[in-house]
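upload_19.txt (compact mmCIF, C-alpha atoms and all ligand atoms)
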# COMPACT_ATOMS: atom_id res chain seq x y z
CA MET A 329 0.00 0.00 0.00
CA LYS A 330 1.22 3.48 -0.82
CA ARG A 331 2.43 5.67 2.03
CA ILE A 332 1.33 9.30 2.06
CA PHE A 333 2.62 12.02 4.37
CA SER A 334 1.72 15.67 4.60
CA GLY A 335 1.64 18.44 7.17
CA VAL A 336 0.43 21.81 8.20
CA LYS A 337 2.34 24.40 10.17
CA PRO A 338 0.62 26.08 13.15
CA THR A 339 1.79 29.63 12.41
CA GLY A 340 -1.69 31.06 11.87
CA HIS A 341 -5.34 30.14 11.47
CA LEU A 342 -5.91 27.74 8.57
CA THR A 343 -7.06 29.36 5.35
CA LEU A 344 -9.11 28.56 2.29
CA GLY A 345 -5.74 28.12 0.53
CA ASN A 346 -4.70 25.37 2.96
CA TYR A 347 -8.05 23.71 2.51
CA LEU A 348 -8.33 23.79 -1.28
CA GLY A 349 -4.62 23.23 -1.87
CA ALA A 350 -4.15 20.36 0.56
CA VAL A 351 -6.49 19.45 3.42
CA ARG A 352 -9.64 18.78 1.40
CA ARG A 353 -7.85 16.21 -0.75
CA TRP A 354 -6.33 14.54 2.31
CA ALA A 355 -9.83 13.96 3.65
CA ASP A 356 -11.72 13.23 0.44
CA VAL A 357 -9.16 11.17 -1.43
CA ASP A 358 -5.80 10.44 0.19
CA GLN A 359 -6.88 8.80 3.44
CA HIS A 360 -9.05 6.37 1.46
CA ARG A 361 -6.45 5.26 -1.05
CA ALA A 362 -3.25 4.91 0.99
CA ASP A 363 -1.66 4.47 4.37
CA ALA A 364 -1.68 8.17 5.19
CA LEU A 365 -0.17 10.32 7.94
CA PHE A 366 -1.10 13.96 8.53
CA CYS A 367 1.00 15.99 10.89
CA ILE A 368 0.74 19.29 12.73
CA VAL A 369 4.33 20.33 12.23
CA ASP A 370 4.80 22.45 15.33
CA LEU A 371 8.62 22.39 15.34
CA HIS A 372 8.46 24.29 12.05
CA ALA A 373 6.45 27.05 13.75
CA LEU A 374 9.48 27.91 15.90
CA THR A 375 11.58 29.01 12.93
CA VAL A 376 10.23 32.57 13.08
CA ASP A 377 9.43 34.93 15.94
CA HIS A 378 6.63 33.18 17.87
CA ASP A 379 4.55 33.34 20.99
CA PRO A 380 4.70 29.97 22.83
CA GLY A 381 1.08 30.05 24.01
CA ARG A 382 -0.16 30.94 20.53
CA VAL A 383 1.75 28.08 18.90
CA ARG A 384 0.18 25.67 21.39
CA ARG A 385 -3.33 27.05 20.76
CA LEU A 386 -2.86 26.99 17.00
CA SER A 387 -1.57 23.41 17.12
CA ARG A 388 -4.68 22.29 18.98
CA GLN A 389 -6.88 24.27 16.63
CA ALA A 390 -5.17 22.85 13.53
CA ALA A 391 -5.68 19.31 14.83
CA THR A 392 -9.34 20.04 15.51
CA LEU A 393 -9.78 21.53 12.04
CA LEU A 394 -8.14 18.55 10.33
CA LEU A 395 -10.60 16.26 12.08
CA ALA A 396 -13.46 18.64 11.30
CA SER A 397 -12.41 18.49 7.64
CA GLY A 398 -13.10 14.78 7.67
CA LEU A 399 -9.78 13.14 8.53
CA ASP A 400 -10.82 9.91 10.19
CA PRO A 401 -8.40 8.41 12.74
CA ARG A 402 -9.69 4.95 11.78
CA LEU A 403 -8.39 5.54 8.26
CA CYS A 404 -5.29 7.66 8.77
CA THR A 405 -2.82 8.83 11.42
CA VAL A 406 -3.13 12.37 12.73
CA PHE A 407 -0.41 13.57 15.10
CA VAL A 408 1.82 16.38 16.31
CA GLN A 409 5.41 16.44 15.04
CA SER A 410 7.06 17.26 18.40
CA HIS A 411 5.41 14.18 19.96
CA VAL A 412 7.57 11.95 17.78
CA ASP A 413 11.31 12.36 18.42
CA GLU A 414 12.26 10.62 15.19
CA HIS A 415 11.71 13.80 13.15
CA ALA A 416 14.41 15.75 14.97
CA ARG A 417 16.68 12.69 15.17
CA LEU A 418 16.55 12.16 11.43
CA SER A 419 16.81 15.85 10.67
CA TYR A 420 20.32 15.96 12.12
CA LEU A 421 21.47 13.08 9.93
CA LEU A 422 20.06 14.78 6.86
CA GLU A 423 21.89 17.99 7.80
CA CYS A 424 25.02 15.90 7.38
CA VAL A 425 23.95 15.09 3.82
CA ALA A 426 22.59 18.51 2.74
CA THR A 427 24.77 21.51 1.86
CA ASP A 428 24.43 25.09 3.01
CA GLY A 429 24.31 26.23 -0.65
CA GLU A 430 21.21 24.10 -1.21
CA MET A 431 19.53 25.66 1.79
CA ARG A 432 20.32 29.20 0.72
CA ARG A 433 18.77 28.60 -2.69
CA MET A 434 15.33 27.78 -1.24
CA ILE A 435 12.81 30.41 -2.39
CA GLN A 436 10.80 30.34 0.85
CA TYR A 437 13.97 30.84 2.88
CA LYS A 438 15.00 33.82 0.77
CA GLU A 439 11.55 35.41 1.05
CA LYS A 440 11.09 34.78 4.77
CA ALA A 441 14.63 35.78 5.69
CA ALA A 442 14.22 39.04 3.73
CA ARG A 443 10.95 39.72 5.57
CA GLU A 444 12.57 39.10 8.98
CA ARG A 445 15.45 41.42 8.12
CA GLU A 446 13.06 44.12 6.87
CA ARG A 447 11.34 44.01 10.24
CA GLY A 448 14.72 44.55 11.85
CA GLY A 449 14.75 41.03 13.31
CA SER A 450 17.42 38.38 13.01
CA VAL A 451 17.07 35.19 11.01
CA ARG A 452 16.96 32.00 13.05
CA LEU A 453 19.30 29.24 11.97
CA SER A 454 16.30 26.89 12.02
CA LEU A 455 14.72 28.94 9.21
CA LEU A 456 17.69 28.02 7.04
CA THR A 457 17.54 24.34 7.98
CA TYR A 458 13.71 24.17 7.80
CA PRO A 459 13.70 22.17 4.53
CA VAL A 460 15.92 19.50 6.10
CA LEU A 461 13.45 18.99 8.93
CA MET A 462 10.68 18.82 6.35
CA ALA A 463 12.67 16.19 4.45
CA ALA A 464 13.03 14.25 7.71
CA ASP A 465 9.24 14.44 8.27
CA ILE A 466 8.70 12.85 4.89
CA LEU A 467 11.56 10.34 4.71
CA ALA A 468 11.10 8.93 8.22
CA TYR A 469 7.92 7.23 7.03
CA GLY A 470 9.08 5.74 3.73
CA THR A 471 6.68 8.15 2.03
CA ASP A 472 5.75 7.66 -1.63
CA GLU A 473 3.54 10.71 -2.11
CA VAL A 474 3.33 14.15 -0.53
CA PRO A 475 0.03 15.92 -1.30
CA VAL A 476 0.70 19.66 -1.07
CA GLY A 477 -0.08 23.01 -2.68
CA ASP A 478 2.41 24.06 -5.31
CA ASP A 479 4.37 26.37 -2.99
CA GLN A 480 5.95 23.24 -1.48
CA THR A 481 7.31 21.82 -4.75
CA GLN A 482 10.87 23.01 -4.22
CA HIS A 483 10.97 21.54 -0.70
CA VAL A 484 9.80 18.16 -1.94
CA GLU A 485 12.38 18.27 -4.76
CA LEU A 486 15.08 18.84 -2.13
CA THR A 487 13.68 15.92 -0.12
CA ARG A 488 14.06 13.69 -3.18
CA ASP A 489 17.64 14.86 -3.70
CA LEU A 490 18.55 14.14 -0.07
CA ALA A 491 16.95 10.69 -0.21
CA VAL A 492 18.82 9.77 -3.37
CA ARG A 493 22.11 11.12 -2.01
CA PHE A 494 21.75 9.31 1.30
CA ASN A 495 20.87 6.04 -0.47
CA GLN A 496 23.82 6.35 -2.85
CA ARG A 497 26.32 7.09 -0.09
CA TYR A 498 25.13 4.83 2.68
CA GLY A 499 22.96 2.15 1.10
CA HIS A 500 19.28 2.05 0.29
CA THR A 501 17.36 3.45 3.27
CA PHE A 502 14.68 5.84 2.01
CA ALA A 503 11.88 5.71 -0.54
CA VAL A 504 12.10 8.64 -2.96
CA PRO A 505 8.81 10.56 -2.63
CA ARG A 506 7.00 12.74 -5.13
CA ALA A 507 4.74 15.75 -4.62
CA THR A 508 1.13 15.64 -5.81
CA HIS A 509 -1.03 18.73 -6.33
CA PRO A 510 -4.74 19.32 -6.83
CA GLU A 511 -5.80 19.99 -10.44
CA VAL A 512 -7.36 23.34 -9.54
CA ALA A 513 -6.44 25.76 -6.74
CA ALA A 514 -2.94 24.43 -6.12
CA ARG A 515 -2.07 28.06 -5.36
CA VAL A 516 -4.93 30.19 -4.04
CA MET A 517 -3.98 33.85 -4.17
CA ASN A 518 -4.55 36.66 -1.68
CA LEU A 519 -7.87 38.37 -2.51
CA GLN A 520 -6.40 41.85 -1.99
CA ASP A 521 -3.14 41.11 -3.79
CA PRO A 522 -3.76 38.34 -6.31
CA THR A 523 -0.11 38.24 -7.32
CA SER A 524 0.87 36.79 -3.94
CA LYS A 525 -0.19 33.57 -2.23
CA MET A 526 -3.01 33.51 0.32
CA GLY A 527 -0.87 32.75 3.37
CA LYS A 528 -2.05 31.99 6.90
CA SER A 529 0.78 33.95 8.47
CA ASP A 530 -0.13 37.07 6.45
CA ASP A 531 -1.13 40.11 8.44
CA ALA A 532 -3.34 41.06 5.51
CA GLY A 533 -6.63 39.77 7.00
CA PRO A 534 -9.01 41.16 4.34
CA GLY A 535 -7.29 39.22 1.55
CA VAL A 536 -7.30 35.92 3.45
CA VAL A 537 -10.36 33.72 4.00
CA TYR A 538 -9.90 31.77 7.23
CA LEU A 539 -11.76 28.49 7.66
CA LEU A 540 -13.24 29.76 10.91
CA ASP A 541 -14.36 33.17 9.59
CA GLU A 542 -18.08 33.76 10.09
CA PRO A 543 -20.01 33.27 6.81
CA ASP A 544 -20.71 36.98 6.52
CA VAL A 545 -17.06 37.82 6.96
CA MET A 546 -16.18 35.34 4.20
CA ARG A 547 -18.81 36.87 1.93
CA LYS A 548 -17.51 40.38 2.56
CA LYS A 549 -13.91 39.42 1.90
CA ILE A 550 -14.82 37.73 -1.38
CA MET A 551 -17.17 40.52 -2.53
CA ARG A 552 -14.35 43.01 -1.89
CA ALA A 553 -11.72 40.98 -3.72
CA VAL A 554 -9.55 43.05 -6.01
CA THR A 555 -10.47 42.36 -9.63
CA ASP A 556 -8.75 43.46 -12.80
CA SER A 557 -9.24 46.48 -15.03
CA GLY A 558 -11.03 44.68 -17.90
CA GLN A 559 -14.71 43.78 -17.84
CA ASP A 560 -14.89 40.31 -19.35
CA VAL A 561 -14.52 37.22 -17.22
CA VAL A 562 -11.54 35.28 -18.58
CA HIS A 563 -9.13 32.82 -17.01
CA ASP A 564 -5.66 34.23 -17.53
CA ARG A 565 -3.36 34.11 -14.49
CA GLU A 566 -0.83 36.53 -15.98
CA GLU A 567 -3.14 39.24 -17.32
CA ARG A 568 -6.14 38.78 -15.02
CA PRO A 569 -4.85 37.41 -11.72
CA GLY A 570 -7.78 38.65 -9.61
CA VAL A 571 -10.57 37.20 -11.73
CA SER A 572 -8.59 34.03 -12.42
CA ASN A 573 -8.17 33.48 -8.68
CA LEU A 574 -11.94 33.75 -8.12
CA LEU A 575 -12.61 31.42 -11.05
CA GLU A 576 -10.21 28.87 -9.58
CA ILE A 577 -11.75 29.08 -6.13
CA LEU A 578 -15.24 28.65 -7.56
CA ALA A 579 -14.11 25.83 -9.86
CA ALA A 580 -12.48 24.05 -6.92
CA CYS A 581 -15.67 24.39 -4.85
CA GLU A 582 -17.86 23.09 -7.68
CA GLY A 583 -15.51 20.40 -8.96
CA THR A 584 -15.26 21.92 -12.42
CA ASP A 585 -12.55 23.83 -14.27
CA PRO A 586 -11.99 27.59 -14.40
CA GLN A 587 -11.86 27.79 -18.19
CA THR A 588 -15.35 26.31 -18.60
CA LEU A 589 -16.73 28.43 -15.78
CA SER A 590 -15.47 31.68 -17.28
CA GLY A 591 -17.91 31.27 -20.19
CA SER A 592 -20.90 31.43 -17.86
CA TYR A 593 -20.17 34.89 -16.42
CA GLN A 594 -20.79 38.31 -17.90
CA SER A 595 -19.84 40.35 -14.85
CA TYR A 596 -17.36 40.33 -11.99
CA GLY A 597 -20.19 40.97 -9.53
CA ALA A 598 -22.03 37.76 -10.39
CA LEU A 599 -18.80 35.77 -10.23
CA LYS A 600 -17.99 37.15 -6.79
CA LYS A 601 -21.46 36.47 -5.47
CA ASP A 602 -21.44 32.84 -6.64
CA THR A 603 -17.90 32.32 -5.34
CA ALA A 604 -18.82 33.70 -1.93
CA GLU A 605 -21.87 31.43 -1.65
CA ALA A 606 -19.94 28.40 -2.89
CA VAL A 607 -17.18 28.93 -0.32
CA VAL A 608 -19.64 29.44 2.53
CA GLU A 609 -21.52 26.25 1.55
CA LEU A 610 -18.35 24.22 1.08
CA LEU A 611 -17.10 25.13 4.54
CA ARG A 612 -20.42 24.91 6.39
CA PRO A 613 -20.11 21.23 7.44
CA LEU A 614 -16.52 21.80 8.53
CA ARG A 615 -17.52 24.73 10.74
CA GLU A 616 -20.32 22.71 12.32
CA ARG A 617 -18.10 19.72 12.98
CA HIS A 618 -15.43 22.02 14.40
CA ARG A 619 -17.94 23.42 16.89
CA GLU A 620 -18.88 19.88 18.00
CA LEU A 621 -15.25 18.85 18.38
CA CYS A 622 -14.44 21.93 20.46
CA ALA A 623 -17.01 20.70 22.94
CA ASP A 624 -15.06 17.44 23.26
CA PRO A 625 -11.34 18.33 23.62
CA SER A 626 -10.51 14.97 25.19
CA TYR A 627 -11.49 13.26 21.92
CA VAL A 628 -8.98 15.38 19.99
CA GLU A 629 -6.30 14.75 22.64
CA GLY A 630 -6.91 11.00 22.41
CA VAL A 631 -6.61 11.04 18.63
CA LEU A 632 -3.28 12.87 18.87
CA ARG A 633 -1.98 10.51 21.56
CA ASP A 634 -2.84 7.39 19.54
CA GLY A 635 -1.58 9.05 16.37
CA ALA A 636 1.82 9.80 17.92
CA ALA A 637 2.15 6.24 19.20
CA ARG A 638 1.40 4.85 15.73
CA ALA A 639 3.72 7.33 14.02
CA ARG A 640 6.58 6.48 16.39
CA GLU A 641 6.21 2.78 15.59
CA MET A 642 6.30 3.53 11.90
CA ALA A 643 9.26 5.93 11.97
CA ARG A 644 11.60 4.32 14.49
CA PRO A 645 12.90 1.31 12.51
CA ARG A 646 13.75 3.42 9.46
CA VAL A 647 15.42 6.16 11.48
CA ASP A 648 17.36 3.54 13.46
CA SER A 649 18.60 1.96 10.25
CA ALA A 650 19.64 5.39 8.94
CA TYR A 651 21.73 5.81 12.15
CA ARG A 652 23.46 2.51 11.51
CA ALA A 653 23.90 3.15 7.78
CA ILE A 654 25.60 6.51 8.26
CA GLY A 655 28.17 5.06 10.67
CA LEU A 656 26.88 5.50 14.20
CA LEU A 657 27.47 2.78 16.75
CA ALA A 658 24.40 0.97 18.05
CA ALA A 659 23.67 1.67 21.74
CA GLY A 660 23.67 -2.07 22.43
P1 LIG A 701 1.76 25.24 5.28
O1 LIG A 701 1.38 25.09 6.70
O2 LIG A 701 2.19 26.59 4.80
O3 LIG A 701 0.55 24.81 4.37
C1 LIG A 701 -0.12 23.57 4.53
C2 LIG A 701 -0.56 23.06 3.16
O4 LIG A 701 -1.40 24.03 2.53
C3 LIG A 701 -0.89 24.35 1.25
N1 LIG A 701 -1.16 25.77 0.99
C4 LIG A 701 -1.78 26.24 -0.09
N2 LIG A 701 -2.31 25.62 -1.16
C5 LIG A 701 -2.90 26.40 -2.10
N3 LIG A 701 -2.99 27.75 -2.00
C6 LIG A 701 -2.47 28.41 -0.95
N4 LIG A 701 -2.57 29.73 -0.86
C7 LIG A 701 -1.84 27.65 0.08
N5 LIG A 701 -1.24 27.98 1.26
C8 LIG A 701 -0.82 26.81 1.78
C9 LIG A 701 0.60 24.09 1.34
O5 LIG A 701 1.16 23.88 0.07
C10 LIG A 701 0.63 22.86 2.21
O6 LIG A 701 0.40 21.71 1.44
N6 LIG A 701 6.37 23.36 4.79
C11 LIG A 701 4.96 23.03 4.92
C12 LIG A 701 4.63 22.15 6.12
C13 LIG A 701 5.38 20.87 6.17
C14 LIG A 701 5.16 19.74 5.35
C15 LIG A 701 6.07 18.75 5.81
C16 LIG A 701 4.30 19.48 4.29
C17 LIG A 701 6.37 20.55 7.04
N7 LIG A 701 6.77 19.28 6.84
C18 LIG A 701 6.12 17.51 5.21
C19 LIG A 701 4.37 18.23 3.70
C20 LIG A 701 5.26 17.26 4.15
C21 LIG A 701 4.17 24.31 5.11
O7 LIG A 701 4.70 25.30 5.54
O8 LIG A 701 2.83 24.16 4.88
Would you write out, as structure tokens, the structure that this file holds?
Ligand code: TYM
Amino acid sequence: MKRIFSGVKPTGHLTLGNYLGAVRRWADVDQHRADALFCIVDLHALTVDHDPGRVRRLSRQAATLLLASGLDPRLCTVFVQSHVDEHARLSYLLECVATDGEMRRMIQYKEKAARERERGGSVRLSLLTYPVLMAADILAYGTDEVPVGDDQTQHVELTRDLAVRFNQRYGHTFAVPRATHPEVAARVMNLQDPTSKMGKSDDAGPGVVYLLDEPDVMRKKIMRAVTDSGQDVVHDREERPGVSNLLEILAACEGTDPQTLSGSYQSYGALKKDTAEAVVELLRPLRERHRELCADPSYVEGVLRDGAARAREMARPRVDSAYRAIGLLAAG
């Protein structure tokens, strides 16, 4: 059976981008077709300036939202990264295989480091080594597929390179994974700035639809989305990024494609209205389930406890063999 691994970082409230680009597919497709693990990658949230209490709250909330999205602990493993030591253990070994040049070439590192410096802050070393920890997340489980939005492509490519390099140098240890992306909405854009990604850590609230926004707030954000100067509704990401983003969101909600949809609209107003309603309807069951789960925090805790135990069992033998392969003495 195929092994699937993916994760979400608790650096902000989950967004429509996280849902359409990743989480929805995990629940609707991936957990049914493979042996799948989904992880709240809390260690990754420490790579930028953070508030400890907020990271803890966001981790709990992310876990609750994953379950509310339909992840079923009878079908897949849901857990928190820091509960399974193997991630950090393997990350160090992979640091001994990766190069600093590779790390410095990562687009997300360059962007985030520039942002930290602009704010007058310093760049944490862990921000540079972030992709190695992500590679460890994936490789520890013998993962075949990594379902992600397309902003993660470069990180998964690096993971493949590290797996191949490790295997060549020290003997076959890791499966070489590949990224998979949804057909539509692999990169949902910010509604106020459709040339940049809708990111959960963005301060730009009005351009970001959060999964837990009230329906009226979602409607308002979508109705106020920046559109383009033309009048006709066409799907063209380069020339019409605003309208194309709305078409992709609506297409993803309705399970159709943006090109076909564009033919049915004569005005931006009608497109926005339908998109707003489609998003509110798509997320309604999730919001209701989230409310129920919040009333039962011990259920969520139990899922995470069992998930971590299962994940540990799965990761330990492979990480142990990587320790032996690279030349470390067994503890006896
Ligand atoms: P994160 O937390 O930024 O995002 C979680 C998932 O949501 C996708 N995503 C989007 N998809 C479409 N449009 C958007 N605007 C959008 N924003 C986010 C992301 O592509 C991702 O699939 N580095 C990862 C977390 C991670 C991970 C891993 C993922 C750590 N270890 C191992 C997979 C496997 C991240 O920051 O995701």
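The shell of residues at most 10 Å from Cys404 of chain A, with only C-alpha atoms counted and near chain neighbours (fewer than 2 positions) removed, consists of Ile332, Trp354, Ala355, Asp358, Gln359, His360, Ala362, Asp363, Ala364, Leu365, Phe366, Leu399, Asp400, Pro401, Arg402, Val406, Phe407 and Gly635 of chain A.
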Students should find that atom C12 of ligand LIG 701 (chain A) and atom CA of Val492 of chain A are spaced 21.1 Å
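A distance search around ligand LIG 701 (chain A) (6 Å at most, all atoms listed in the file) returns the following protein and nucleic acid residues: Phe333, Ser334, Gly335, Val336, Lys337, Gly345, Asn346, Gly349, Ala350, Val369, Met462, Asp465, Ile466, Val474, Val476, Gly477, Asp478, Asp479, Gln480, Ala513, Ala514, Arg515, Val516, Met517, Lys525, Met526 and Gly527 of chain A.
In this comparison, which uses all atoms listed in the file, the residue of A:Gly533, A:Gln587, A:Arg547, A:Ala639 approaching Asp564 of chain A most closely is A:Gln587.
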Compare A:Gly449, A:Gly499, A:Gly660, A:Pro510 by their minimum atom-to-atom distance to Pro475 of chain A, counting all atoms listed in the file, and give me the closest one.
A:Pro510
Separation of atom CA of Val357 of chain A and atom CA of Leu403 of chain A, in Å?
11.2 Å
Point (11.8, 13.9, 17.1) neighbourhood (10 Å, only C-alpha atoms) written as a PyMOL selection string:
chain A and resi 371+409-419+461+464-465+640+643-644
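Distances here use all atoms listed in the file; by that measure, the residue among A:Val451, A:Ala391, A:Val608, A:Val376 closest to Glu629 of chain A is A:Ala391.
Between atom CA of Leu455 of chain A and atom CA of Glu439 of chain A lies a distance of 10.9 Å.
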Which residues are near Thr487 of chain A? Cut-off 12 Å, only C-alpha atoms, ignore same chain within fewer than 5 positions. Put them as a PyMOL selection string.
chain A and resi 419+422-423+425-426+430-431+458-468+470-474+480-482+492-494+502-507
Counting all atoms listed in the file, note down every residue that has an atom within 10 Å of the point (18.1, 30.2, 6.9) (file coordinates), as a ChimeraX atom specification.
/A:375,428,431-434,436-438,440-441,451-459
Padding 5 Å on each side, edges along x, y and z: where is the centre of the box around the listed atoms of segment 396-412 of chain A, and how long are its edges in Å to one decimal? Output it as AutoDock Vina command-line options.
--center_x -2.9 --center_y 11.8 --center_z 13.8 --size_x 31.0 --size_y 23.7 --size_z 22.3
